[in-house]
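Student: Next comes final-v6.pdb, PDB, N, CA and C atoms and all ligand atoms:
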```
ATOM      1  N   MET O   1     101.260  -5.496 -64.998
ATOM      2  CA  MET O   1     100.097  -6.233 -65.470
ATOM      3  C   MET O   1      99.660  -7.280 -64.461
ATOM      4  N   LYS O   2     100.651  -7.980 -63.872
ATOM      5  CA  LYS O   2     100.342  -8.997 -62.869
ATOM      6  C   LYS O   2      99.662  -8.368 -61.650
ATOM      7  N   LYS O   3     100.085  -7.148 -61.325
ATOM      8  CA  LYS O   3      99.519  -6.449 -60.179
ATOM      9  C   LYS O   3      98.038  -6.122 -60.427
ATOM     10  N   ILE O   4      97.709  -5.715 -61.628
ATOM     11  CA  ILE O   4      96.315  -5.399 -61.971
ATOM     12  C   ILE O   4      95.469  -6.664 -61.928
ATOM     13  N   LEU O   5      96.009  -7.720 -62.487
ATOM     14  CA  LEU O   5      95.279  -8.999 -62.471
ATOM     15  C   LEU O   5      95.062  -9.462 -61.035
ATOM     16  N   PHE O   6      96.079  -9.307 -60.222
ATOM     17  CA  PHE O   6      95.952  -9.700 -58.817
ATOM     18  C   PHE O   6      94.856  -8.884 -58.123
ATOM     19  N   LEU O   7      94.832  -7.581 -58.360
ATOM     20  CA  LEU O   7      93.815  -6.720 -57.743
ATOM     21  C   LEU O   7      92.413  -7.084 -58.244
ATOM     22  N   PHE O   8      92.306  -7.439 -59.524
ATOM     23  CA  PHE O   8      91.013  -7.835 -60.079
ATOM     24  C   PHE O   8      90.513  -9.106 -59.406
ATOM     25  N   VAL O   9      91.370 -10.094 -59.291
ATOM     26  CA  VAL O   9      90.993 -11.362 -58.650
ATOM     27  C   VAL O   9      90.608 -11.122 -57.196
ATOM     28  N   LEU O  10      91.382 -10.285 -56.526
ATOM     29  CA  LEU O  10      91.092  -9.959 -55.130
ATOM     30  C   LEU O  10      89.722  -9.276 -55.008
ATOM     31  N   GLY O  11      89.432  -8.373 -55.925
ATOM     32  CA  GLY O  11      88.145  -7.674 -55.928
ATOM     33  C   GLY O  11      86.996  -8.631 -56.140
ATOM     34  N   VAL O  12      87.136  -9.547 -57.099
ATOM     35  CA  VAL O  12      86.088 -10.537 -57.361
ATOM     36  C   VAL O  12      85.885 -11.408 -56.134
ATOM     37  N   PHE O  13      86.960 -11.801 -55.517
ATOM     38  CA  PHE O  13      86.894 -12.671 -54.345
ATOM     39  C   PHE O  13      86.109 -12.023 -53.207
ATOM     40  N   PHE O  14      86.310 -10.725 -52.998
ATOM     41  CA  PHE O  14      85.661 -10.058 -51.866
ATOM     42  C   PHE O  14      84.296  -9.466 -52.201
ATOM     43  N   PHE O  15      84.064  -9.036 -53.421
ATOM     44  CA  PHE O  15      82.820  -8.324 -53.714
ATOM     45  C   PHE O  15      81.719  -9.203 -54.272
ATOM     46  N   VAL O  16      82.010 -10.236 -55.006
ATOM     47  CA  VAL O  16      80.962 -11.076 -55.579
ATOM     48  C   VAL O  16      80.105 -11.739 -54.503
ATOM     49  N   PRO O  17      80.671 -12.308 -53.437
ATOM     50  CA  PRO O  17      79.799 -12.906 -52.415
ATOM     51  C   PRO O  17      78.850 -11.893 -51.789
ATOM     52  N   SER O  18      79.244 -10.646 -51.665
ATOM     53  CA  SER O  18      78.364  -9.655 -51.058
ATOM     54  C   SER O  18      77.216  -9.283 -51.975
ATOM     55  N   LEU O  19      77.301  -9.616 -53.246
ATOM     56  CA  LEU O  19      76.228  -9.314 -54.189
ATOM     57  C   LEU O  19      75.194 -10.421 -54.269
ATOM     58  N   SER O  20      75.474 -11.568 -53.675
ATOM     59  CA  SER O  20      74.538 -12.677 -53.774
ATOM     60  C   SER O  20      73.231 -12.328 -53.065
ATOM     61  N   VAL O  21      72.137 -12.859 -53.575
ATOM     62  CA  VAL O  21      70.819 -12.583 -53.017
ATOM     63  C   VAL O  21      70.625 -13.434 -51.775
ATOM     64  N   GLN O  22      70.259 -12.781 -50.704
ATOM     65  CA  GLN O  22      70.044 -13.503 -49.467
ATOM     66  C   GLN O  22      68.564 -13.828 -49.325
ATOM     67  N   ALA O  23      68.262 -15.056 -48.913
ATOM     68  CA  ALA O  23      66.870 -15.455 -48.736
ATOM     69  C   ALA O  23      66.258 -14.692 -47.570
ATOM     70  N   ALA O  24      64.979 -14.476 -47.679
ATOM     71  CA  ALA O  24      64.265 -13.731 -46.640
ATOM     72  C   ALA O  24      64.200 -14.530 -45.350
ATOM     73  N   GLU O  25      64.274 -13.807 -44.255
ATOM     74  CA  GLU O  25      64.065 -14.421 -42.946
ATOM     75  C   GLU O  25      62.777 -13.860 -42.380
ATOM     76  N   GLU O  26      61.915 -14.747 -41.969
ATOM     77  CA  GLU O  26      60.607 -14.333 -41.468
ATOM     78  C   GLU O  26      60.314 -15.030 -40.149
ATOM     79  N   PHE O  27      59.362 -14.458 -39.418
ATOM     80  CA  PHE O  27      58.910 -15.076 -38.184
ATOM     81  C   PHE O  27      57.518 -15.648 -38.374
ATOM     82  N   LEU O  28      57.317 -16.825 -37.840
ATOM     83  CA  LEU O  28      55.985 -17.411 -37.752
ATOM     84  C   LEU O  28      55.593 -17.299 -36.288
ATOM     85  N   TYR O  29      54.639 -16.421 -36.022
ATOM     86  CA  TYR O  29      54.190 -16.211 -34.655
ATOM     87  C   TYR O  29      53.075 -17.200 -34.355
ATOM     88  N   ILE O  30      53.214 -17.898 -33.259
ATOM     89  CA  ILE O  30      52.196 -18.870 -32.842
ATOM     90  C   ILE O  30      51.673 -18.436 -31.489
ATOM     91  N   CYS O  31      50.361 -18.424 -31.359
ATOM     92  CA  CYS O  31      49.753 -18.022 -30.097
ATOM     93  C   CYS O  31      50.100 -19.045 -29.013
ATOM     94  N   GLY O  32      50.795 -18.584 -27.996
ATOM     95  CA  GLY O  32      51.200 -19.473 -26.911
ATOM     96  C   GLY O  32      50.034 -19.989 -26.085
ATOM     97  N   PRO O  33      49.122 -19.124 -25.660
ATOM     98  CA  PRO O  33      48.038 -19.585 -24.792
ATOM     99  C   PRO O  33      47.143 -20.657 -25.411
ATOM    100  N   CYS O  34      46.828 -20.555 -26.696
ATOM    101  CA  CYS O  34      45.860 -21.516 -27.252
ATOM    102  C   CYS O  34      46.441 -22.445 -28.312
ATOM    103  N   SER O  35      47.631 -22.180 -28.796
ATOM    104  CA  SER O  35      48.118 -22.949 -29.951
ATOM    105  C   SER O  35      49.513 -23.518 -29.756
ATOM    106  N   ARG O  36      49.931 -23.597 -28.531
ATOM    107  CA  ARG O  36      51.271 -24.106 -28.229
ATOM    108  C   ARG O  36      51.495 -25.498 -28.827
ATOM    109  N   ASN O  37      50.438 -26.303 -28.870
ATOM    110  CA  ASN O  37      50.560 -27.667 -29.401
ATOM    111  C   ASN O  37      50.873 -27.689 -30.898
ATOM    112  N   PHE O  38      50.709 -26.562 -31.550
ATOM    113  CA  PHE O  38      50.978 -26.499 -32.989
ATOM    114  C   PHE O  38      52.473 -26.319 -33.284
ATOM    115  N   VAL O  39      53.252 -25.995 -32.281
ATOM    116  CA  VAL O  39      54.687 -25.726 -32.488
ATOM    117  C   VAL O  39      55.411 -26.911 -33.132
ATOM    118  N   PRO O  40      55.262 -28.143 -32.609
ATOM    119  CA  PRO O  40      55.986 -29.252 -33.252
ATOM    120  C   PRO O  40      55.532 -29.498 -34.687
ATOM    121  N   ILE O  41      54.274 -29.244 -34.965
ATOM    122  CA  ILE O  41      53.772 -29.407 -36.337
ATOM    123  C   ILE O  41      54.431 -28.365 -37.242
ATOM    124  N   ALA O  42      54.482 -27.130 -36.759
ATOM    125  CA  ALA O  42      55.114 -26.059 -37.544
ATOM    126  C   ALA O  42      56.598 -26.359 -37.762
ATOM    127  N   GLU O  43      57.244 -26.869 -36.722
ATOM    128  CA  GLU O  43      58.668 -27.213 -36.859
ATOM    129  C   GLU O  43      58.863 -28.287 -37.933
ATOM    130  N   ASP O  44      57.964 -29.267 -37.963
ATOM    131  CA  ASP O  44      58.040 -30.315 -38.989
ATOM    132  C   ASP O  44      57.912 -29.733 -40.388
ATOM    133  N   VAL O  45      56.938 -28.852 -40.552
ATOM    134  CA  VAL O  45      56.707 -28.249 -41.869
ATOM    135  C   VAL O  45      57.939 -27.464 -42.310
ATOM    136  N   ILE O  46      58.459 -26.658 -41.395
ATOM    137  CA  ILE O  46      59.633 -25.839 -41.721
ATOM    138  C   ILE O  46      60.819 -26.726 -42.090
ATOM    139  N   GLN O  47      60.977 -27.810 -41.352
ATOM    140  CA  GLN O  47      62.087 -28.728 -41.635
ATOM    141  C   GLN O  47      61.882 -29.441 -42.968
ATOM    142  N   GLU O  48      60.653 -29.893 -43.225
ATOM    143  CA  GLU O  48      60.390 -30.608 -44.478
ATOM    144  C   GLU O  48      60.574 -29.715 -45.698
ATOM    145  N   LEU O  49      60.340 -28.421 -45.525
ATOM    146  CA  LEU O  49      60.538 -27.486 -46.631
ATOM    147  C   LEU O  49      61.960 -26.921 -46.644
ATOM    148  N   ALA O  50      62.785 -27.382 -45.714
ATOM    149  CA  ALA O  50      64.185 -26.919 -45.603
ATOM    150  C   ALA O  50      64.258 -25.403 -45.437
ATOM    151  N   LEU O  51      63.374 -24.867 -44.594
ATOM    152  CA  LEU O  51      63.337 -23.419 -44.366
ATOM    153  C   LEU O  51      63.836 -23.042 -42.973
ATOM    154  N   GLU O  52      64.635 -23.899 -42.386
ATOM    155  CA  GLU O  52      65.113 -23.635 -41.023
ATOM    156  C   GLU O  52      65.860 -22.311 -40.901
ATOM    157  N   ASP O  53      66.537 -21.923 -41.967
ATOM    158  CA  ASP O  53      67.285 -20.658 -41.914
ATOM    159  C   ASP O  53      66.417 -19.456 -42.262
ATOM    160  N   ASN O  54      65.207 -19.725 -42.743
ATOM    161  CA  ASN O  54      64.357 -18.640 -43.228
ATOM    162  C   ASN O  54      63.151 -18.333 -42.350
ATOM    163  N   VAL O  55      62.634 -19.355 -41.672
ATOM    164  CA  VAL O  55      61.432 -19.160 -40.873
ATOM    165  C   VAL O  55      61.737 -19.525 -39.425
ATOM    166  N   HIS O  56      61.471 -18.582 -38.553
ATOM    167  CA  HIS O  56      61.718 -18.788 -37.133
ATOM    168  C   HIS O  56      60.398 -18.717 -36.383
ATOM    169  N   ILE O  57      60.185 -19.691 -35.530
ATOM    170  CA  ILE O  57      58.952 -19.748 -34.748
ATOM    171  C   ILE O  57      59.119 -18.923 -33.487
ATOM    172  N   LYS O  58      58.084 -18.163 -33.196
ATOM    173  CA  LYS O  58      58.110 -17.384 -31.961
ATOM    174  C   LYS O  58      56.738 -17.494 -31.301
ATOM    175  N   LEU O  59      56.722 -17.956 -30.064
ATOM    176  CA  LEU O  59      55.475 -17.999 -29.313
ATOM    177  C   LEU O  59      55.150 -16.595 -28.835
ATOM    178  N   VAL O  60      53.899 -16.214 -29.005
ATOM    179  CA  VAL O  60      53.481 -14.871 -28.596
ATOM    180  C   VAL O  60      52.197 -14.975 -27.788
ATOM    181  N   SER O  61      51.776 -13.856 -27.242
ATOM    182  CA  SER O  61      50.520 -13.851 -26.494
ATOM    183  C   SER O  61      49.350 -13.840 -27.478
ATOM    184  N   CYS O  62      48.165 -13.764 -26.950
ATOM    185  CA  CYS O  62      46.932 -13.874 -27.736
ATOM    186  C   CYS O  62      46.987 -13.062 -29.035
ATOM    187  N   LEU O  63      46.608 -13.716 -30.121
ATOM    188  CA  LEU O  63      46.597 -13.054 -31.428
ATOM    189  C   LEU O  63      45.200 -12.548 -31.786
ATOM    190  N   GLY O  64      44.256 -12.734 -30.875
ATOM    191  CA  GLY O  64      42.921 -12.168 -31.066
ATOM    192  C   GLY O  64      41.945 -13.029 -31.843
ATOM    193  N   ALA O  65      42.274 -14.280 -32.055
ATOM    194  CA  ALA O  65      41.350 -15.166 -32.767
ATOM    195  C   ALA O  65      41.177 -16.445 -31.945
ATOM    196  N   CYS O  66      40.852 -16.252 -30.695
ATOM    197  CA  CYS O  66      40.882 -17.333 -29.707
ATOM    198  C   CYS O  66      39.972 -18.513 -30.036
ATOM    199  N   THR O  67      38.930 -18.287 -30.782
ATOM    200  CA  THR O  67      38.016 -19.390 -31.091
ATOM    201  C   THR O  67      38.475 -20.175 -32.314
ATOM    202  N   ALA O  68      39.600 -19.787 -32.908
ATOM    203  CA  ALA O  68      40.038 -20.424 -34.147
ATOM    204  C   ALA O  68      41.375 -21.137 -33.993
ATOM    205  N   SER O  69      41.648 -21.660 -32.830
ATOM    206  CA  SER O  69      42.912 -22.347 -32.570
ATOM    207  C   SER O  69      43.093 -23.564 -33.484
ATOM    208  N   PRO O  70      44.288 -23.838 -33.939
ATOM    209  CA  PRO O  70      45.548 -23.129 -33.774
ATOM    210  C   PRO O  70      45.591 -21.831 -34.585
ATOM    211  N   VAL O  71      46.167 -20.822 -33.945
ATOM    212  CA  VAL O  71      46.242 -19.497 -34.551
ATOM    213  C   VAL O  71      47.704 -19.114 -34.750
ATOM    214  N   VAL O  72      48.011 -18.657 -35.965
ATOM    215  CA  VAL O  72      49.369 -18.201 -36.256
ATOM    216  C   VAL O  72      49.295 -16.853 -36.964
ATOM    217  N   GLU O  73      50.408 -16.154 -36.939
ATOM    218  CA  GLU O  73      50.528 -14.909 -37.700
ATOM    219  C   GLU O  73      51.764 -15.016 -38.564
ATOM    220  N   PHE O  74      51.603 -14.695 -39.834
ATOM    221  CA  PHE O  74      52.740 -14.707 -40.750
ATOM    222  C   PHE O  74      52.628 -13.506 -41.676
ATOM    223  N   LYS O  75      53.660 -12.705 -41.708
ATOM    224  CA  LYS O  75      53.699 -11.506 -42.543
ATOM    225  C   LYS O  75      52.518 -10.576 -42.272
ATOM    226  N   GLY O  76      52.146 -10.465 -40.991
ATOM    227  CA  GLY O  76      51.106  -9.524 -40.604
ATOM    228  C   GLY O  76      49.690 -10.028 -40.763
ATOM    229  N   GLU O  77      49.511 -11.246 -41.261
ATOM    230  CA  GLU O  77      48.184 -11.813 -41.429
ATOM    231  C   GLU O  77      47.943 -12.874 -40.354
ATOM    232  N   ILE O  78      46.731 -12.892 -39.826
ATOM    233  CA  ILE O  78      46.361 -13.893 -38.822
ATOM    234  C   ILE O  78      45.661 -15.047 -39.538
ATOM    235  N   TYR O  79      46.077 -16.253 -39.193
ATOM    236  CA  TYR O  79      45.471 -17.448 -39.783
ATOM    237  C   TYR O  79      44.950 -18.336 -38.664
ATOM    238  N   GLY O  80      43.650 -18.610 -38.706
ATOM    239  CA  GLY O  80      43.046 -19.484 -37.712
ATOM    240  C   GLY O  80      42.813 -20.865 -38.289
ATOM    241  N   HIS O  81      42.491 -21.789 -37.386
ATOM    242  CA  HIS O  81      42.262 -23.190 -37.777
ATOM    243  C   HIS O  81      43.420 -23.691 -38.646
ATOM    244  N   MET O  82      44.617 -23.340 -38.247
ATOM    245  CA  MET O  82      45.801 -23.713 -39.035
ATOM    246  C   MET O  82      46.012 -25.222 -38.965
ATOM    247  N   THR O  83      46.403 -25.771 -40.077
ATOM    248  CA  THR O  83      46.729 -27.197 -40.158
ATOM    249  C   THR O  83      48.108 -27.333 -40.784
ATOM    250  N   LYS O  84      48.618 -28.534 -40.727
ATOM    251  CA  LYS O  84      49.916 -28.800 -41.347
ATOM    252  C   LYS O  84      49.853 -28.510 -42.850
ATOM    253  N   GLU O  85      48.771 -28.926 -43.480
ATOM    254  CA  GLU O  85      48.621 -28.736 -44.917
ATOM    255  C   GLU O  85      48.530 -27.250 -45.283
ATOM    256  N   LYS O  86      47.763 -26.507 -44.481
ATOM    257  CA  LYS O  86      47.626 -25.071 -44.758
ATOM    258  C   LYS O  86      48.960 -24.354 -44.586
ATOM    259  N   LEU O  87      49.716 -24.748 -43.566
ATOM    260  CA  LEU O  87      51.014 -24.105 -43.350
ATOM    261  C   LEU O  87      51.984 -24.441 -44.472
ATOM    262  N   PHE O  88      51.931 -25.690 -44.944
ATOM    263  CA  PHE O  88      52.741 -26.072 -46.111
ATOM    264  C   PHE O  88      52.438 -25.141 -47.277
ATOM    265  N   ALA O  89      51.156 -25.007 -47.570
ATOM    266  CA  ALA O  89      50.739 -24.190 -48.717
ATOM    267  C   ALA O  89      51.154 -22.736 -48.534
ATOM    268  N   LEU O  90      50.975 -22.225 -47.324
ATOM    269  CA  LEU O  90      51.314 -20.826 -47.047
ATOM    270  C   LEU O  90      52.806 -20.569 -47.258
ATOM    271  N   LEU O  91      53.645 -21.418 -46.665
ATOM    272  CA  LEU O  91      55.087 -21.200 -46.769
ATOM    273  C   LEU O  91      55.610 -21.461 -48.179
ATOM    274  N   ARG O  92      55.039 -22.488 -48.822
ATOM    275  CA  ARG O  92      55.434 -22.766 -50.205
ATOM    276  C   ARG O  92      55.119 -21.573 -51.090
ATOM    277  N   SER O  93      53.961 -21.025 -50.884
ATOM    278  CA  SER O  93      53.532 -19.895 -51.694
ATOM    279  C   SER O  93      54.436 -18.686 -51.451
ATOM    280  N   TYR O  94      54.725 -18.409 -50.190
ATOM    281  CA  TYR O  94      55.537 -17.235 -49.871
ATOM    282  C   TYR O  94      56.967 -17.382 -50.399
ATOM    283  N   PHE O  95      57.526 -18.561 -50.210
ATOM    284  CA  PHE O  95      58.925 -18.764 -50.621
ATOM    285  C   PHE O  95      59.019 -19.305 -52.040
ATOM    286  N   THR O  96      57.899 -19.374 -52.731
ATOM    287  CA  THR O  96      57.814 -19.880 -54.115
ATOM    288  C   THR O  96      58.617 -21.164 -54.304
ATOM    289  N   LEU O  97      58.256 -22.157 -53.524
ATOM    290  CA  LEU O  97      58.918 -23.460 -53.588
ATOM    291  C   LEU O  97      58.191 -24.366 -54.566
TER     292      LEU O  97
HETATM  293  S1  LIG Z   1      44.429 -17.112 -26.871
HETATM  294 FE1  LIG Z   1      45.162 -17.761 -28.829
HETATM  295  S2  LIG Z   1      44.372 -16.290 -30.212
HETATM  296 FE2  LIG Z   1      43.655 -15.649 -28.243
END
```
What do you get writing this file as structure tokens?
Tutor:
Amino acid sequence: MKKILFLFVLGVFFFVPSLSVQAAEEFLYICGPCSRNFVPIAEDVIQELALEDNVHIKLVSCLGACTASPVVEFKGEIYGHMTKEKLFALLRSYFTL
């Protein structure tokens, strides 16, 4: 009986953590040529929302909306004239914060 109980506890110890839901990891692409200055703002937003483990900033080449700087791409959508407030709303909405 002790052996069965031991195996049960061992099973719970190893399998329950693997069943936990992992938060999504996403990339926020920022246009390097025209929107590089938006990087520190985006970093602030990500930090204030405590999403450092979930959202990673990546500078990329032209996103095709050059007249709408700052330009970012998130989840396949291009967003122009990005502001700190808009990014807050976007990330809050996506991560349901
Ligand atoms: S150079 Fe930034 S979107 Fe084209």
Student: Can you work out which residues are within 8 Å of ligand LIG 1 (chain Z), considering only C-alpha atoms and all ligand atoms, and then hand them over as a PDB file with N, CA and C atoms, in the coordinates of the input?
Tutor:
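In the end it all went to selection_15.pdb:
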```pdb
ATOM      1  N   CYS O  31      50.361 -18.424 -31.359  1.00  0.00           N
ATOM      2  CA  CYS O  31      49.753 -18.022 -30.097  1.00  0.00           C
ATOM      3  C   CYS O  31      50.100 -19.045 -29.013  1.00  0.00           C
ATOM      4  N   GLY O  32      50.795 -18.584 -27.996  1.00  0.00           N
ATOM      5  CA  GLY O  32      51.200 -19.473 -26.911  1.00  0.00           C
ATOM      6  C   GLY O  32      50.034 -19.989 -26.085  1.00  0.00           C
ATOM      7  N   PRO O  33      49.122 -19.124 -25.660  1.00  0.00           N
ATOM      8  CA  PRO O  33      48.038 -19.585 -24.792  1.00  0.00           C
ATOM      9  C   PRO O  33      47.143 -20.657 -25.411  1.00  0.00           C
ATOM     10  N   CYS O  34      46.828 -20.555 -26.696  1.00  0.00           N
ATOM     11  CA  CYS O  34      45.860 -21.516 -27.252  1.00  0.00           C
ATOM     12  C   CYS O  34      46.441 -22.445 -28.312  1.00  0.00           C
ATOM     13  N   SER O  35      47.631 -22.180 -28.796  1.00  0.00           N
ATOM     14  CA  SER O  35      48.118 -22.949 -29.951  1.00  0.00           C
ATOM     15  C   SER O  35      49.513 -23.518 -29.756  1.00  0.00           C
ATOM     16  N   SER O  61      51.776 -13.856 -27.242  1.00  0.00           N
ATOM     17  CA  SER O  61      50.520 -13.851 -26.494  1.00  0.00           C
ATOM     18  C   SER O  61      49.350 -13.840 -27.478  1.00  0.00           C
ATOM     19  N   CYS O  62      48.165 -13.764 -26.950  1.00  0.00           N
ATOM     20  CA  CYS O  62      46.932 -13.874 -27.736  1.00  0.00           C
ATOM     21  C   CYS O  62      46.987 -13.062 -29.035  1.00  0.00           C
ATOM     22  N   LEU O  63      46.608 -13.716 -30.121  1.00  0.00           N
ATOM     23  CA  LEU O  63      46.597 -13.054 -31.428  1.00  0.00           C
ATOM     24  C   LEU O  63      45.200 -12.548 -31.786  1.00  0.00           C
ATOM     25  N   GLY O  64      44.256 -12.734 -30.875  1.00  0.00           N
ATOM     26  CA  GLY O  64      42.921 -12.168 -31.066  1.00  0.00           C
ATOM     27  C   GLY O  64      41.945 -13.029 -31.843  1.00  0.00           C
ATOM     28  N   ALA O  65      42.274 -14.280 -32.055  1.00  0.00           N
ATOM     29  CA  ALA O  65      41.350 -15.166 -32.767  1.00  0.00           C
ATOM     30  C   ALA O  65      41.177 -16.445 -31.945  1.00  0.00           C
ATOM     31  N   CYS O  66      40.852 -16.252 -30.695  1.00  0.00           N
ATOM     32  CA  CYS O  66      40.882 -17.333 -29.707  1.00  0.00           C
ATOM     33  C   CYS O  66      39.972 -18.513 -30.036  1.00  0.00           C
ATOM     34  N   THR O  67      38.930 -18.287 -30.782  1.00  0.00           N
ATOM     35  CA  THR O  67      38.016 -19.390 -31.091  1.00  0.00           C
ATOM     36  C   THR O  67      38.475 -20.175 -32.314  1.00  0.00           C
ATOM     37  N   ALA O  68      39.600 -19.787 -32.908  1.00  0.00           N
ATOM     38  CA  ALA O  68      40.038 -20.424 -34.147  1.00  0.00           C
ATOM     39  C   ALA O  68      41.375 -21.137 -33.993  1.00  0.00           C
ATOM     40  N   SER O  69      41.648 -21.660 -32.830  1.00  0.00           N
ATOM     41  CA  SER O  69      42.912 -22.347 -32.570  1.00  0.00           C
ATOM     42  C   SER O  69      43.093 -23.564 -33.484  1.00  0.00           C
ATOM     43  N   PRO O  70      44.288 -23.838 -33.939  1.00  0.00           N
ATOM     44  CA  PRO O  70      45.548 -23.129 -33.774  1.00  0.00           C
ATOM     45  C   PRO O  70      45.591 -21.831 -34.585  1.00  0.00           C
ATOM     46  N   VAL O  71      46.167 -20.822 -33.945  1.00  0.00           N
ATOM     47  CA  VAL O  71      46.242 -19.497 -34.551  1.00  0.00           C
ATOM     48  C   VAL O  71      47.704 -19.114 -34.750  1.00  0.00           C
TER      49      VAL O  71
END
```
Student: Figure out the distance between atom N of Phe38 of chain O and atom N of Ala24 of chain O, please, to one decimal in Å.
Tutor: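 Those two atoms sit 24.7 Å apart.
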Student: Fewer than 4 positions away in the same chain doesn't count, so skip those; otherwise give me all residues within 9 Å of segment 90-97 of chain O, counting only C-alpha atoms, as a PyMOL selection string.
Tutor: chain O and resi 23-24+45-46+49+51+55+74+85-86
Student: Given the file shown, enumerate the residues that the PyMOL selection byres (((chain O and resi 72) around 7) and not hetatm) captures and present them as a list of chain:residue names.
Tutor: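 Given this file, the PyMOL selection byres (((chain O and resi 72) around 7) and not hetatm) evaluates to O:Leu28, O:Tyr29, O:Ile30, O:Cys31, O:Pro70, O:Val71, O:Glu73, O:Phe74, O:Glu77, O:Ile78, O:Tyr79, O:Gly80, O:His81, O:Met82.
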Student: Name the residues that the PyMOL selection byres (((chain O and resi 42 and name CA) around 9) and not hetatm and name CA) picks from the file above, as a list in words, using the file's chain letters and numbers.
Tutor: Leu28, Phe38, Val39, Pro40, Ile41, Glu43, Asp44, Val45, Ile46, Gln47, Ile57, Thr83, Lys84, Leu87 and Phe88 of chain O
Student: Could you put an axis-aligned box around every listed atom of segment 59-68 of chain O, padded by 6 Å on each side, and send me its centre and edge lengths in Å to one decimal, as JSON?
Tutor:
```
{"center_x": 47.4, "center_y": -16.7, "center_z": -30.3, "size_x": 30.7, "size_y": 21.0, "size_z": 19.7}
```
